[in-house]
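Undergrad: I have a structure here, written as structure tokens, and I will follow up with some questions on it.
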Amino acid sequence: MDRVIEVTRTDRGPVYGGPARKKARRGKGGSQPTAVGYDYATLSADVRQLYEEMHDWDFKAPILTKRTGCRPGRFDSYRTRMVQRFALECGNEAGLSLVDQEGLFNILDVWDSTRPGQPVDRGHYLGLRDSFRSANAFKEALMDDIDDAVEDEKWLKCHLTEGGETIVDIFRLALEVALRRMKAAKRLKLWSGGDRPAPLTTARESPMDRDAFRSCEAAVIDENDDNSFVVALHAFSDAIQLSSYGGTFERGHSDAHQW
């Protein structure tokens with residue numbers, strides 16, 4: 001320990017503003033200092049003196065300021081303390097965000113059957129273990145509903161091999177998704193020209209703003225009626241995608257596919 005202190009403590013040197021150190025005479029008439037050059041014998045005292053001379057305490061400030069009307073200690077039961085611990089430690093101990101904290105309160109409000117306007121059903125007065133007998137059953141139920149939703153949305157997968165490397169491509173049928181989005185939309189712009197097919201142009205404001213698409217659109221509207229339209233899909237990919245109907249992708253590029 002003495003060796004550590006000797007290596008780490010700082011040589012303070014002369015202290016200005018006070019009387020000079022006294023010196024003792026050497027045997028041959030010379031003088032020698034009466035101190036070893038250090039103000040303190042311990043590392044902690046040396047560090048404290050350093051920060052006192054820097055006046056760091058003069059710049060101190062509280063790390064936070066309590067809000068007006070602060071009332072700590074309201075998590076005063078076993079159940080509420082469990083909720084508090086979850087809110088502060090969830091997410092790799094980072095805690096829930098303010099938005100997530102509000103969501104947690106809304107869930108618990110519904111669970112306690114105290115939310116205004118909450119509908120009453122057959123599970124209104126049931127507890128958690130009336131539906132899930134264990135934590136494992138709870139996790140399995142979550143997984144089952146997620147799997148059911150993925151299957152209902154008709155997600156598909158395909159193993160693609162390019163250059164000896166195989167990747168799993170996860171996708172949905174683009175045309176089916178587009179039609180579903182159109183049915184759910186509140187407002188649609190069916191033609192690139194607003195209420196009629198747009199004329200040919202050399203401008204290229206979007207991937208669909210091309211002569212081929214505009215000519216196809218005009219022909220379809222002309223052969224049918226004003227209620228007909230052309231659906232065009234523009235697919236993007238950051239990887240190589242193989243297409244059986246002629247559309248190809250190169251890394252970082254894309255191609256437009258039209259029906």
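Ordering of the structure tokens sets the chain letters (A, B, ...); residue numbers start at 1 within each chain; ligands are numbered from 1 in the order shown.
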Write out as a PDB file with N, CA and C atoms, in the first residue's frame the residues lying within 10 Å of stretch 79-85 of chain A, counting only C-alpha atoms and excluding same-chain residues fewer than 4 positions away.

TA:
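In the end it all went to result_39.pdb:
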```
ATOM      1  N   GLY A  73     -43.978   7.515  -2.691  1.00  0.00           N
ATOM      2  CA  GLY A  73     -44.480   6.504  -1.771  1.00  0.00           C
ATOM      3  C   GLY A  73     -45.887   6.035  -2.041  1.00  0.00           C
ATOM      4  N   ARG A  74     -46.446   6.338  -3.220  1.00  0.00           N
ATOM      5  CA  ARG A  74     -47.821   5.911  -3.500  1.00  0.00           C
ATOM      6  C   ARG A  74     -47.905   4.460  -3.957  1.00  0.00           C
ATOM      7  N   PHE A  75     -46.791   3.851  -4.302  1.00  0.00           N
ATOM      8  CA  PHE A  75     -46.779   2.406  -4.553  1.00  0.00           C
ATOM      9  C   PHE A  75     -46.632   1.719  -3.196  1.00  0.00           C
ATOM     10  N   GLU A  89     -37.982  -1.730 -14.687  1.00  0.00           N
ATOM     11  CA  GLU A  89     -36.946  -2.688 -15.058  1.00  0.00           C
ATOM     12  C   GLU A  89     -37.214  -3.383 -16.385  1.00  0.00           C
ATOM     13  N   CYS A  90     -38.389  -3.214 -16.957  1.00  0.00           N
ATOM     14  CA  CYS A  90     -38.726  -3.907 -18.199  1.00  0.00           C
ATOM     15  C   CYS A  90     -37.855  -3.400 -19.345  1.00  0.00           C
ATOM     16  N   GLU A  93     -33.820  -3.842 -18.366  1.00  0.00           N
ATOM     17  CA  GLU A  93     -33.629  -2.978 -17.199  1.00  0.00           C
ATOM     18  C   GLU A  93     -33.575  -1.505 -17.565  1.00  0.00           C
ATOM     19  N   GLY A  95     -36.378   0.094 -18.406  1.00  0.00           N
ATOM     20  CA  GLY A  95     -37.655   0.639 -17.993  1.00  0.00           C
ATOM     21  C   GLY A  95     -38.528   1.022 -19.169  1.00  0.00           C
ATOM     22  N   GLN A 101     -45.568   3.515 -20.330  1.00  0.00           N
ATOM     23  CA  GLN A 101     -46.122   3.584 -18.981  1.00  0.00           C
ATOM     24  C   GLN A 101     -47.605   3.922 -19.029  1.00  0.00           C
ATOM     25  N   LEU A 104     -49.386   0.808 -20.074  1.00  0.00           N
ATOM     26  CA  LEU A 104     -49.484  -0.140 -18.969  1.00  0.00           C
ATOM     27  C   LEU A 104     -50.612   0.249 -18.026  1.00  0.00           C
ATOM     28  N   PHE A 105     -50.731   1.538 -17.727  1.00  0.00           N
ATOM     29  CA  PHE A 105     -51.822   1.987 -16.855  1.00  0.00           C
ATOM     30  C   PHE A 105     -53.180   1.668 -17.475  1.00  0.00           C
ATOM     31  N   LEU A 108     -53.948  -2.026 -17.052  1.00  0.00           N
ATOM     32  CA  LEU A 108     -54.308  -2.363 -15.682  1.00  0.00           C
ATOM     33  C   LEU A 108     -55.669  -1.777 -15.310  1.00  0.00           C
TER      34      LEU A 108
END
```

Undergrad: What's around stretch 125-139 of chain A at 12 Å? Count only C-alpha atoms, leave out sequence neighbours fewer than 5 positions away in its own chain, and write the answer as a PyMOL selection string.

TA: chain A and resi 108+110-114+119-120+144-146

Undergrad: Pick out each residue of stretch 84-117 of chain A that DSSP on the backbone tags as helix (DSSP H, G or I); I need them as a list in words.

TA: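 Selection result, helix (DSSP H, G or I) within stretch 84-117 of chain A: Gln84, Arg85, Phe86, Ala87, Leu88, Glu89, Leu98, Val99, Asp100, Gln101, Glu102, Gly103, Leu104, Phe105, Asn106, Ile107, Leu108, Asp109, Val110 and Trp111 of chain A.
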
Undergrad: How far is it from atom CA of A:Arg122 to atom CA of A:Asn106, in Å with one decimal?

TA: 20.1 Å
